[in-house]
Amino acid sequence: MELKGIHHVSAITALAGKNYEFYTKVLGMRLIKKTVNQDDTSVYHLFYGDEKGNAGTELTFFEIPRAGRNHDGANSISEISLRVKNNEALQYWKTRFEEKKVEHEELSERFRRQSLAFKDEEGQRLRLVSDETNSGVAGGVPWKKSAVPKDFGIIGLGPVMLTVRTRELTEEVITEILGFRKKGAYASQVPGQPDILVYETGEGGTGAELHIEERKDLPPERLGRGGVHHVAFRVNDEEELRQWINKIQGARIPNSDFVDRYYFKSLYFRELNGILFELATDGPGFATDEDLEHLGESLALPPFLEPKRQEIEAKLKPLDTKLS
């Protein structure tokens, strides 16, 4: 068994409406599913991705309306990156961020790739990464109706940064249990801190990397709006997922056991620094209950929640996702 790469990353927003505006109209991602948090149906769970919401392109947000701001710290998913086609695309995005008044840094190099760090309106730490030299997991296909030209569009999730107090604990889980392999390292931007280590899985490349930063000087993160809830890794299918469940349970790691999320099947567990990991199948996918041309336009509910639709819709603040 080998994990194929990053499946999705799930973060927290306090403002679903503003979140939708930023990720679709500024970043040009497609809202592929407007549904609810299956553990709290009074709030939205929004999924953004490429034209079909292919595994490896999905950035999702749990809405928690009263969430306090995230207090950045250790034992956290401290940065999400998004892939673009090439270095030219980064020049486009720098200009776009200036025009849209999006908080961003200057273009820089990260592990031999050009990149551009920025934040959304709630302080979510994000980075665009160029795929110009990528030779690993292929990216997705930007939506043809995106606000961003196709050649410059976001094509998927890139490396995910984990900031931990004790690097060896995370390394033990990702290498000995999950099968990640060390790819290299690069210097921390924080003086006096150790190098950031890069691990990869599957075909490798921008869509299959974890970057591990050790920061013993930081307090633990206090998760809130602008923070990241969990990262998920790609598994082929349910049969393989059940083999992973046996492996995780055999290692005596506390876990959720099998969870059916309808659009994919999952397993959740925490690595030894407390960061929440998920293993998720590539399918069935997001066109299971909606026509591909109209993904994300209406509230979608898995079959087990459909009988409660009227009750659920009554608690949600309307979110207009129709194309203007």
# chains A, B, ... in the order shown; residues from 1 in each chain; ligands from 1
$ residues_around --residues "stretch 261-267 of chain A" --least-positions-apart "6" --cutoff "8 Å" --atoms "only C-alpha atoms" --output "VMD selection string"
chain A and resid 238 241 245 255 278 to 286 288 302
$ write_last_selection --atoms "all heavy atoms" --output "compact mmCIF listing (two decimals), in the first residue's frame"
# COMPACT_ATOMS: atom_id res chain seq x y z
N GLU A 238 -12.16 1.79 -1.30
CA GLU A 238 -12.58 1.31 0.02
C GLU A 238 -11.82 0.08 0.46
O GLU A 238 -11.47 -0.06 1.64
CB GLU A 238 -14.08 1.02 0.01
CG GLU A 238 -14.61 0.57 1.36
CD GLU A 238 -16.10 0.38 1.38
OE1 GLU A 238 -16.82 1.04 0.60
OE2 GLU A 238 -16.57 -0.45 2.20
N LEU A 241 -8.61 1.23 1.79
CA LEU A 241 -8.83 1.97 3.03
C LEU A 241 -8.99 1.00 4.20
O LEU A 241 -8.43 1.23 5.29
CB LEU A 241 -10.07 2.86 2.92
CG LEU A 241 -10.45 3.63 4.18
CD1 LEU A 241 -9.37 4.65 4.57
CD2 LEU A 241 -11.80 4.34 4.01
N ILE A 245 -7.00 0.78 7.69
CA ILE A 245 -7.63 0.75 9.01
C ILE A 245 -7.02 -0.37 9.86
O ILE A 245 -6.68 -0.17 11.03
CB ILE A 245 -9.16 0.57 8.88
CG1 ILE A 245 -9.78 1.84 8.27
CG2 ILE A 245 -9.79 0.28 10.24
CD1 ILE A 245 -11.25 1.71 7.91
N ASN A 255 -8.33 5.81 16.70
CA ASN A 255 -8.83 6.25 15.39
C ASN A 255 -10.35 6.19 15.35
O ASN A 255 -11.00 5.65 16.25
CB ASN A 255 -8.23 5.37 14.29
CG ASN A 255 -8.64 3.93 14.42
OD1 ASN A 255 -9.67 3.51 13.90
ND2 ASN A 255 -7.84 3.14 15.16
N GLU A 278 -6.37 12.38 8.07
CA GLU A 278 -7.46 11.60 7.51
C GLU A 278 -6.91 10.82 6.32
O GLU A 278 -6.06 11.32 5.58
CB GLU A 278 -8.59 12.52 7.05
CG GLU A 278 -9.75 11.81 6.37
CD GLU A 278 -10.82 12.77 5.85
OE1 GLU A 278 -10.70 13.99 6.08
OE2 GLU A 278 -11.77 12.30 5.21
N LEU A 279 -7.35 9.61 6.14
CA LEU A 279 -7.13 8.87 4.91
C LEU A 279 -8.47 8.83 4.19
O LEU A 279 -9.49 8.49 4.80
CB LEU A 279 -6.63 7.45 5.20
CG LEU A 279 -5.38 7.32 6.08
CD1 LEU A 279 -4.94 5.86 6.16
CD2 LEU A 279 -4.23 8.19 5.56
N ALA A 280 -8.50 9.18 2.90
CA ALA A 280 -9.77 9.30 2.17
C ALA A 280 -9.65 8.69 0.78
O ALA A 280 -8.63 8.85 0.10
CB ALA A 280 -10.18 10.77 2.07
N THR A 281 -10.70 8.01 0.36
CA THR A 281 -10.71 7.38 -0.96
C THR A 281 -10.89 8.43 -2.06
O THR A 281 -11.51 9.47 -1.85
CB THR A 281 -11.83 6.35 -1.07
OG1 THR A 281 -13.10 7.00 -0.83
CG2 THR A 281 -11.65 5.23 -0.06
N ASP A 282 -10.37 8.13 -3.24
CA ASP A 282 -10.51 9.06 -4.37
C ASP A 282 -11.96 9.22 -4.82
O ASP A 282 -12.33 10.26 -5.37
CB ASP A 282 -9.67 8.57 -5.56
CG ASP A 282 -8.22 9.02 -5.47
OD1 ASP A 282 -7.85 9.67 -4.47
OD2 ASP A 282 -7.45 8.73 -6.42
N GLY A 283 -12.79 8.22 -4.62
CA GLY A 283 -14.18 8.30 -5.06
C GLY A 283 -15.14 8.01 -3.93
O GLY A 283 -14.70 7.81 -2.80
N PRO A 284 -16.45 8.04 -4.21
CA PRO A 284 -17.13 8.13 -5.51
C PRO A 284 -17.02 9.50 -6.20
O PRO A 284 -17.17 9.60 -7.39
CB PRO A 284 -18.58 7.83 -5.16
CG PRO A 284 -18.57 7.18 -3.83
CD PRO A 284 -17.39 7.75 -3.12
N GLY A 285 -16.85 10.60 -5.45
CA GLY A 285 -16.73 11.91 -6.07
C GLY A 285 -17.95 12.78 -5.87
O GLY A 285 -18.97 12.36 -5.29
N PHE A 286 -17.88 14.00 -6.38
CA PHE A 286 -18.89 15.02 -6.06
C PHE A 286 -20.03 15.10 -7.05
O PHE A 286 -21.01 15.81 -6.82
CB PHE A 286 -18.20 16.38 -5.92
CG PHE A 286 -17.31 16.45 -4.71
CD1 PHE A 286 -15.95 16.22 -4.82
CD2 PHE A 286 -17.84 16.68 -3.47
CE1 PHE A 286 -15.13 16.25 -3.70
CE2 PHE A 286 -17.03 16.71 -2.33
CZ PHE A 286 -15.67 16.49 -2.46
N THR A 288 -21.87 12.62 -7.67
CA THR A 288 -22.74 11.50 -7.29
C THR A 288 -24.19 11.93 -7.15
O THR A 288 -25.10 11.19 -7.49
CB THR A 288 -22.30 10.92 -5.93
OG1 THR A 288 -20.90 11.06 -5.80
CG2 THR A 288 -22.62 9.46 -5.84
N PRO A 302 -26.19 14.28 2.01
CA PRO A 302 -26.10 12.84 1.80
C PRO A 302 -27.44 12.19 2.15
O PRO A 302 -28.25 12.76 2.90
CB PRO A 302 -24.98 12.42 2.75
CG PRO A 302 -24.88 13.51 3.75
CD PRO A 302 -25.30 14.76 3.08
$ select_by_dssp --residues "stretch 74-269 of chain A" --states "alpha helix (DSSP H)" --output "PyMOL selection string"
chain A and resi 87-100+167-171+238-250
$ residues_around --residues "A:Gly274" --least-positions-apart "2" --cutoff "12 Å" --atoms "only C-alpha atoms" --output "PyMOL selection string"
chain A and resi 74-77+162-167+169-170+173+220-221+229-230+253-254+268-272+276-277
$ write_last_selection --atoms "N, CA and C atoms" --output "mmCIF file, in the first residue's frame"
data_model
loop_
_atom_site.group_PDB
_atom_site.id
_atom_site.type_symbol
_atom_site.label_atom_id
_atom_site.label_comp_id
_atom_site.auth_asym_id
_atom_site.auth_seq_id
_atom_site.Cartn_x
_atom_site.Cartn_y
_atom_site.Cartn_z
ATOM 1 N N ALA A 74 2.595 25.827 17.541
ATOM 2 C CA ALA A 74 3.118 24.513 17.192
ATOM 3 C C ALA A 74 2.028 23.448 17.235
ATOM 4 N N ASN A 75 2.369 22.260 16.717
ATOM 5 C CA ASN A 75 1.463 21.127 16.628
ATOM 6 C C ASN A 75 0.225 21.499 15.813
ATOM 7 N N SER A 76 0.512 22.032 14.630
ATOM 8 C CA SER A 76 -0.535 22.558 13.774
ATOM 9 C C SER A 76 -0.195 22.347 12.301
ATOM 10 N N ILE A 77 -1.234 22.470 11.482
ATOM 11 C CA ILE A 77 -1.054 22.589 10.032
ATOM 12 C C ILE A 77 -0.934 24.076 9.769
ATOM 13 N N LEU A 162 3.555 21.307 8.265
ATOM 14 C CA LEU A 162 3.238 20.958 9.650
ATOM 15 C C LEU A 162 4.282 21.595 10.548
ATOM 16 N N THR A 163 3.847 22.334 11.562
ATOM 17 C CA THR A 163 4.756 22.918 12.548
ATOM 18 C C THR A 163 4.562 22.164 13.857
ATOM 19 N N VAL A 164 5.636 21.549 14.348
ATOM 20 C CA VAL A 164 5.520 20.664 15.513
ATOM 21 C C VAL A 164 6.579 20.997 16.560
ATOM 22 N N ARG A 165 6.298 20.606 17.806
ATOM 23 C CA ARG A 165 7.265 20.805 18.881
ATOM 24 C C ARG A 165 8.367 19.745 18.844
ATOM 25 N N THR A 166 7.981 18.507 18.513
ATOM 26 C CA THR A 166 8.940 17.392 18.530
ATOM 27 C C THR A 166 8.860 16.671 17.188
ATOM 28 N N ARG A 167 9.796 16.985 16.316
ATOM 29 C CA ARG A 167 9.740 16.493 14.941
ATOM 30 C C ARG A 167 9.778 14.969 14.857
ATOM 31 N N LEU A 169 8.472 12.699 16.613
ATOM 32 C CA LEU A 169 7.182 12.044 16.820
ATOM 33 C C LEU A 169 6.365 12.011 15.534
ATOM 34 N N THR A 170 6.348 13.135 14.822
ATOM 35 C CA THR A 170 5.623 13.176 13.547
ATOM 36 C C THR A 170 6.312 12.310 12.506
ATOM 37 N N VAL A 173 5.409 8.578 12.679
ATOM 38 C CA VAL A 173 4.117 8.190 12.120
ATOM 39 C C VAL A 173 4.120 8.256 10.595
ATOM 40 N N PRO A 220 1.570 25.735 21.878
ATOM 41 C CA PRO A 220 0.645 25.009 21.001
ATOM 42 C C PRO A 220 -0.361 25.959 20.351
ATOM 43 N N GLU A 221 -0.741 25.652 19.128
ATOM 44 C CA GLU A 221 -1.771 26.445 18.442
ATOM 45 C C GLU A 221 -3.096 26.360 19.191
ATOM 46 N N HIS A 229 -8.071 22.537 10.212
ATOM 47 C CA HIS A 229 -8.614 21.464 11.041
ATOM 48 C C HIS A 229 -7.878 20.145 10.820
ATOM 49 N N HIS A 230 -7.697 19.739 9.546
ATOM 50 C CA HIS A 230 -7.005 18.476 9.276
ATOM 51 C C HIS A 230 -6.520 18.421 7.834
ATOM 52 N N ILE A 253 -2.995 2.904 17.330
ATOM 53 C CA ILE A 253 -3.234 4.346 17.248
ATOM 54 C C ILE A 253 -4.737 4.581 17.360
ATOM 55 N N PRO A 254 -5.204 5.359 18.337
ATOM 56 C CA PRO A 254 -6.636 5.647 18.442
ATOM 57 C C PRO A 254 -7.151 6.249 17.135
ATOM 58 N N TYR A 268 -9.993 8.636 10.392
ATOM 59 C CA TYR A 268 -9.356 9.773 11.064
ATOM 60 C C TYR A 268 -8.511 9.279 12.239
ATOM 61 N N PHE A 269 -7.372 9.916 12.441
ATOM 62 C CA PHE A 269 -6.543 9.641 13.617
ATOM 63 C C PHE A 269 -5.576 10.802 13.813
ATOM 64 N N ARG A 270 -4.982 10.883 14.995
ATOM 65 C CA ARG A 270 -4.009 11.944 15.277
ATOM 66 C C ARG A 270 -2.599 11.368 15.328
ATOM 67 N N GLU A 271 -1.674 12.090 14.686
ATOM 68 C CA GLU A 271 -0.275 11.687 14.811
ATOM 69 C C GLU A 271 0.203 12.079 16.206
ATOM 70 N N LEU A 272 1.456 11.769 16.543
ATOM 71 C CA LEU A 272 1.885 11.828 17.943
ATOM 72 C C LEU A 272 2.073 13.236 18.505
ATOM 73 N N LEU A 276 -4.457 16.275 13.379
ATOM 74 C CA LEU A 276 -5.462 15.352 12.862
ATOM 75 C C LEU A 276 -5.182 15.010 11.401
ATOM 76 N N PHE A 277 -5.050 13.707 11.136
ATOM 77 C CA PHE A 277 -4.870 13.177 9.792
ATOM 78 C C PHE A 277 -6.135 12.431 9.381
#
$ residues_around --residues "stretch 292-295 of chain A" --least-positions-apart "4" --cutoff "12 Å" --atoms "only C-alpha atoms" --output "number ranges by chain"
A: 30-35, 46-54, 143-145, 285-288, 299-300, 321-323
$ write_last_selection --atoms "N, CA and C atoms" --output "short mmCIF file (atom, residue, chain, number, x, y, z; two decimals), in the first residue's frame"
data_model
loop_
_atom_site.label_atom_id
_atom_site.label_comp_id
_atom_site.auth_asym_id
_atom_site.auth_seq_id
_atom_site.Cartn_x
_atom_site.Cartn_y
_atom_site.Cartn_z
N ARG A 30 -13.57 26.56 -8.00
CA ARG A 30 -14.98 26.22 -8.17
C ARG A 30 -15.55 25.73 -6.84
N LEU A 31 -16.72 26.24 -6.46
CA LEU A 31 -17.44 25.65 -5.33
C LEU A 31 -18.06 24.35 -5.84
N ILE A 32 -17.51 23.23 -5.42
CA ILE A 32 -17.95 21.94 -5.97
C ILE A 32 -19.01 21.27 -5.10
N LYS A 33 -19.13 21.72 -3.86
CA LYS A 33 -20.16 21.15 -3.00
C LYS A 33 -20.50 22.13 -1.88
N LYS A 34 -21.79 22.45 -1.79
CA LYS A 34 -22.30 23.24 -0.67
C LYS A 34 -23.15 22.28 0.16
N THR A 35 -22.58 21.86 1.29
CA THR A 35 -23.28 20.92 2.15
C THR A 35 -23.15 21.37 3.59
N LEU A 46 -18.13 23.81 3.08
CA LEU A 46 -17.95 24.22 1.69
C LEU A 46 -16.71 23.55 1.11
N PHE A 47 -16.85 23.04 -0.11
CA PHE A 47 -15.74 22.38 -0.80
C PHE A 47 -15.40 23.16 -2.07
N TYR A 48 -14.14 23.50 -2.23
CA TYR A 48 -13.66 24.15 -3.45
C TYR A 48 -12.65 23.23 -4.14
N GLY A 49 -12.55 23.34 -5.47
CA GLY A 49 -11.60 22.49 -6.17
C GLY A 49 -11.48 22.84 -7.63
N ASP A 50 -11.06 21.87 -8.43
CA ASP A 50 -10.94 22.09 -9.87
C ASP A 50 -12.31 21.85 -10.51
N GLU A 51 -12.36 21.62 -11.82
CA GLU A 51 -13.63 21.53 -12.53
C GLU A 51 -14.55 20.43 -12.00
N LYS A 52 -13.98 19.33 -11.50
CA LYS A 52 -14.77 18.21 -11.01
C LYS A 52 -14.60 17.98 -9.52
N GLY A 53 -13.71 18.73 -8.89
CA GLY A 53 -13.40 18.45 -7.50
C GLY A 53 -12.60 17.17 -7.36
N ASN A 54 -11.67 16.95 -8.29
CA ASN A 54 -10.84 15.75 -8.23
C ASN A 54 -10.07 15.68 -6.93
N TRP A 143 -11.59 25.22 -13.69
CA TRP A 143 -12.96 25.32 -14.19
C TRP A 143 -13.03 26.33 -15.32
N LYS A 144 -13.75 25.96 -16.40
CA LYS A 144 -13.82 26.83 -17.58
C LYS A 144 -14.59 28.13 -17.30
N LYS A 145 -15.44 28.15 -16.26
CA LYS A 145 -16.20 29.36 -15.94
C LYS A 145 -15.56 30.17 -14.81
N GLY A 285 -16.85 10.60 -5.45
CA GLY A 285 -16.73 11.91 -6.07
C GLY A 285 -17.95 12.78 -5.87
N PHE A 286 -17.88 14.00 -6.38
CA PHE A 286 -18.89 15.02 -6.06
C PHE A 286 -20.03 15.10 -7.05
N ALA A 287 -19.93 14.38 -8.17
CA ALA A 287 -21.04 14.37 -9.14
C ALA A 287 -22.02 13.24 -8.83
N THR A 288 -21.87 12.62 -7.67
CA THR A 288 -22.74 11.50 -7.29
C THR A 288 -24.19 11.93 -7.15
N LEU A 299 -27.98 23.30 -2.00
CA LEU A 299 -27.55 22.58 -0.81
C LEU A 299 -27.64 21.08 -1.06
N ALA A 300 -26.52 20.41 -0.97
CA ALA A 300 -26.47 18.95 -1.17
C ALA A 300 -26.39 18.26 0.18
N THR A 321 -25.02 31.00 -4.32
CA THR A 321 -23.91 30.47 -5.10
C THR A 321 -24.26 30.35 -6.58
N LYS A 322 -25.36 30.97 -6.99
CA LYS A 322 -25.69 30.98 -8.41
C LYS A 322 -24.70 31.85 -9.17
N LEU A 323 -24.39 31.45 -10.38
CA LEU A 323 -23.49 32.25 -11.21
C LEU A 323 -24.17 33.54 -11.60
#
$ residues_around --residues "A:Thr201" --least-positions-apart "3" --cutoff "10 Å" --atoms "only C-alpha atoms" --output "PyMOL selection string"
chain A and resi 2-6+136-137+174-175+178-183+204-205+207-210+233-234
$ closest_residue --among "A:Leu126, A:Ile64, A:Val102, A:Leu316" --to "A:Arg83" --atoms "only C-alpha atoms"
A:Leu126
$ closest_atom_pairs --of "stretch 201-289 of chain A" --to "stretch 10-22 of chain A" --cutoff "8 Å" --atoms "only C-alpha atoms" --output "JSON lines"
{"residue": "A:Gly224", "atom": "CA", "partner": "A:Ile12", "partner_atom": "CA", "distance": 6.7}
{"residue": "A:Arg225", "atom": "CA", "partner": "A:Thr13", "partner_atom": "CA", "distance": 4.9}
{"residue": "A:Gly226", "atom": "CA", "partner": "A:Ile12", "partner_atom": "CA", "distance": 5.9}
{"residue": "A:Gly227", "atom": "CA", "partner": "A:Ile12", "partner_atom": "CA", "distance": 5.8}
{"residue": "A:Val228", "atom": "CA", "partner": "A:Ala11", "partner_atom": "CA", "distance": 4.0}
{"residue": "A:His229", "atom": "CA", "partner": "A:Ala11", "partner_atom": "CA", "distance": 5.0}
{"residue": "A:His230", "atom": "CA", "partner": "A:Ser10", "partner_atom": "CA", "distance": 5.5}
{"residue": "A:Val231", "atom": "CA", "partner": "A:Ser10", "partner_atom": "CA", "distance": 6.4}
$ residues_around --residues "stretch 85-94 of chain A" --least-positions-apart "2" --cutoff "6 Å" --atoms "only C-alpha atoms" --output "ChimeraX atom specification"
/A:96-97,130-132,152
$ write_last_selection --atoms "all heavy atoms" --output "PDB file, in the first residue's frame"
ATOM      1  N   ARG A  96      -2.663  40.399  -9.567  1.00  0.00           N
ATOM      2  CA  ARG A  96      -4.067  40.264  -9.154  1.00  0.00           C
ATOM      3  C   ARG A  96      -4.232  40.570  -7.666  1.00  0.00           C
ATOM      4  O   ARG A  96      -5.175  41.255  -7.263  1.00  0.00           O
ATOM      5  CB  ARG A  96      -4.567  38.853  -9.468  1.00  0.00           C
ATOM      6  CG  ARG A  96      -6.045  38.632  -9.153  1.00  0.00           C
ATOM      7  CD  ARG A  96      -6.523  37.274  -9.665  1.00  0.00           C
ATOM      8  NE  ARG A  96      -7.931  37.017  -9.358  1.00  0.00           N
ATOM      9  CZ  ARG A  96      -8.955  37.450 -10.067  1.00  0.00           C
ATOM     10  NH1 ARG A  96      -8.741  38.196 -11.144  1.00  0.00           N
ATOM     11  NH2 ARG A  96     -10.207  37.172  -9.714  1.00  0.00           N
ATOM     12  N   PHE A  97      -3.321  40.080  -6.838  1.00  0.00           N
ATOM     13  CA  PHE A  97      -3.403  40.348  -5.409  1.00  0.00           C
ATOM     14  C   PHE A  97      -3.252  41.842  -5.124  1.00  0.00           C
ATOM     15  O   PHE A  97      -3.908  42.380  -4.226  1.00  0.00           O
ATOM     16  CB  PHE A  97      -2.337  39.558  -4.656  1.00  0.00           C
ATOM     17  CG  PHE A  97      -2.618  38.075  -4.568  1.00  0.00           C
ATOM     18  CD1 PHE A  97      -1.603  37.188  -4.240  1.00  0.00           C
ATOM     19  CD2 PHE A  97      -3.891  37.562  -4.793  1.00  0.00           C
ATOM     20  CE1 PHE A  97      -1.849  35.825  -4.151  1.00  0.00           C
ATOM     21  CE2 PHE A  97      -4.153  36.203  -4.714  1.00  0.00           C
ATOM     22  CZ  PHE A  97      -3.128  35.331  -4.389  1.00  0.00           C
ATOM     23  N   SER A 130       4.602  27.184  -7.873  1.00  0.00           N
ATOM     24  CA  SER A 130       4.723  26.910  -9.304  1.00  0.00           C
ATOM     25  C   SER A 130       5.003  25.438  -9.566  1.00  0.00           C
ATOM     26  O   SER A 130       5.861  24.832  -8.930  1.00  0.00           O
ATOM     27  CB  SER A 130       5.836  27.764  -9.906  1.00  0.00           C
ATOM     28  OG  SER A 130       6.135  27.338 -11.224  1.00  0.00           O
ATOM     29  N   ASP A 131       4.304  24.887 -10.559  1.00  0.00           N
ATOM     30  CA  ASP A 131       4.528  23.508 -10.994  1.00  0.00           C
ATOM     31  C   ASP A 131       5.487  23.429 -12.180  1.00  0.00           C
ATOM     32  O   ASP A 131       5.572  22.380 -12.823  1.00  0.00           O
ATOM     33  CB  ASP A 131       3.191  22.867 -11.395  1.00  0.00           C
ATOM     34  CG  ASP A 131       2.695  21.867 -10.364  1.00  0.00           C
ATOM     35  OD1 ASP A 131       3.240  21.852  -9.250  1.00  0.00           O
ATOM     36  OD2 ASP A 131       1.752  21.115 -10.666  1.00  0.00           O
ATOM     37  N   GLU A 132       6.193  24.516 -12.463  1.00  0.00           N
ATOM     38  CA  GLU A 132       7.029  24.556 -13.666  1.00  0.00           C
ATOM     39  C   GLU A 132       8.028  23.403 -13.728  1.00  0.00           C
ATOM     40  O   GLU A 132       8.292  22.852 -14.798  1.00  0.00           O
ATOM     41  CB  GLU A 132       7.764  25.898 -13.757  1.00  0.00           C
ATOM     42  CG  GLU A 132       8.566  26.053 -15.032  1.00  0.00           C
ATOM     43  CD  GLU A 132       8.684  27.501 -15.481  1.00  0.00           C
ATOM     44  OE1 GLU A 132       7.697  28.262 -15.403  1.00  0.00           O
ATOM     45  OE2 GLU A 132       9.774  27.864 -15.928  1.00  0.00           O
ATOM     46  N   PHE A 152      -3.735  30.420 -15.891  1.00  0.00           N
ATOM     47  CA  PHE A 152      -3.206  30.887 -14.613  1.00  0.00           C
ATOM     48  C   PHE A 152      -3.945  30.302 -13.423  1.00  0.00           C
ATOM     49  O   PHE A 152      -3.624  30.588 -12.271  1.00  0.00           O
ATOM     50  CB  PHE A 152      -3.264  32.418 -14.547  1.00  0.00           C
ATOM     51  CG  PHE A 152      -2.542  33.102 -15.667  1.00  0.00           C
ATOM     52  CD1 PHE A 152      -3.100  34.202 -16.314  1.00  0.00           C
ATOM     53  CD2 PHE A 152      -1.306  32.652 -16.100  1.00  0.00           C
ATOM     54  CE1 PHE A 152      -2.431  34.841 -17.343  1.00  0.00           C
ATOM     55  CE2 PHE A 152      -0.633  33.270 -17.141  1.00  0.00           C
ATOM     56  CZ  PHE A 152      -1.192  34.372 -17.767  1.00  0.00           C
TER      57      PHE A 152
END
